[in-house]
Amino acid sequence: MEHSIFVDIAFLLLAVLAVVAGWRVFRTDSMVRASFFLLVSFIAVGAIMMLLAAEYLGVAMFFMMAVEMMVMALFMVMFMMNPAGLNPMMMVHQHRLSIIAGAVAFFILAAMALFSSFPADPLPAGLDPVRSLGHEMLGDSMLIFESAGIVLLATMIGVVVLSSHRGRYGAAEEGSVPPGLEPGGDPAGQPEKGESEGGHEHHHHHH
Amino acid sequence: MSLVTLLLLAAALIGIGLYGALSQQSFVMLMMGLELMLNGAMLAAVAFWAYSGAGAPQGQLLTIIVMAVMAIEMAMGFALVVAVFRGKQADTTEALSELKQ
């Protein structure tokens, strides 16, 4: 595939950006900033995909990751003790092992990239990548595409089931009461005592 | 920009992601590591599509599937974080040791 020097320069800058932002994700004090660094890494990879003529995938990456990382940042603010990065944060375990595993994975994959020979079979001239992807998704690979949709639907149902406060047979956290916020106090996130509990017991069998 | 440089970039992203997934204590940071690994996998798939797949549309389809996997991982991960936080007020992996031998 022939391309100009500017494509190479852009690729180099985007590659450095993707790697540096990906590394900063785990080295910043603020978890919100970490999710934005991850977003930068994804957008750099999306731009590289657009350089590779996969316009649809690159743009889809932009939209998907922008929304995903906003959700992630919101979750950070909701759940994490240090979302703003006011204190230094280094919450890691098995650190040395993780560094070694990451480095080993990189070197094995890099050796495969460098020392194996892949067929040089570039994009044919006159290929319209978006059109060919559309024909594939709604043509030969329609079953795969539809299956992905069904799996996403199942995920939505599963997510609602997992995160709903009450199931059909009572509260999800019944029987596992967390410790109180203060010694002897009530734990956070519990329903009020006066609320009606529904009254359904576990021994209701339906045959 | 060639297949080798693209695969090297993908390898770097996968390596960083593996480090993050193994080392982070917070559930959400751990998920960020997984996402970074999938990011590298998607880049490698597109690189193969563009340089050694002769533009076969299945290469792009594979990337779409990985994107769907990423969305599923994200949604299920956050739902599990919510469920675990409700049950145990835990947001780090160390706080869950019930299944430990």
# chains A, B, ... in the order shown; residues from 1 in each chain; ligands from 1
>>> residues_around(residues="Leu62 in chain B", least_positions_apart="6", cutoff="9 Å", atoms="only C-alpha atoms", output="JSON, numbers by chain")
{"B": [42, 45, 46]}
>>> residues_around(residues="Ser23 in chain B", least_positions_apart="5", cutoff="7 Å", atoms="only C-alpha atoms", output="PyMOL selection string")
chain A and resi 92-95+98
>>> residues_around(residues="range 35-37 of chain B", least_positions_apart="5", cutoff="9 Å", atoms="only C-alpha atoms", output="PyMOL selection string")
(chain A and resi 22+38+41-42) or (chain B and resi 10-11+13-18+20-21+30+42+70+73-74)
>>> residues_around(residues="Asp121 in chain A", least_positions_apart="2", cutoff="10 Å", atoms="only C-alpha atoms", output="JSON, numbers by chain")
{"A": [1, 118, 119, 123, 124], "B": [48, 49, 50, 51, 52, 53, 54, 55]}
>>> interface_residues(of="chain A", to="chain B", cutoff="7 Å", atoms="only C-alpha atoms", output="VMD selection string")
chain A and resid 8 11 15 19 22 to 23 26 42 45 49 52 91 to 95 98 to 99 101 to 103 105 to 106 109 to 110 113 to 114 118 to 124 132 to 133 136 148 152 155 159 162 to 163 173 176 178 189
>>> atom_distance(atom1="CA of Leu181 in chain A", atom2="CA of Val160 in chain A")
27.3 Å
>>> closest_residue(among="A:Val130, A:Leu39, A:Met76, A:Val104", to="Phe63 in chain A", atoms="only C-alpha atoms")
A:Leu39
>>> closest_residue(among="A:Gly134, A:Phe36, A:Val25, A:Ala188", to="Leu57 in chain A", atoms="only C-alpha atoms")
A:Gly134
>>> residues_around(residues="Ala44 in chain A", least_positions_apart="5", cutoff="7 Å", atoms="only C-alpha atoms", output="number ranges by chain")
A: 14, 17-18
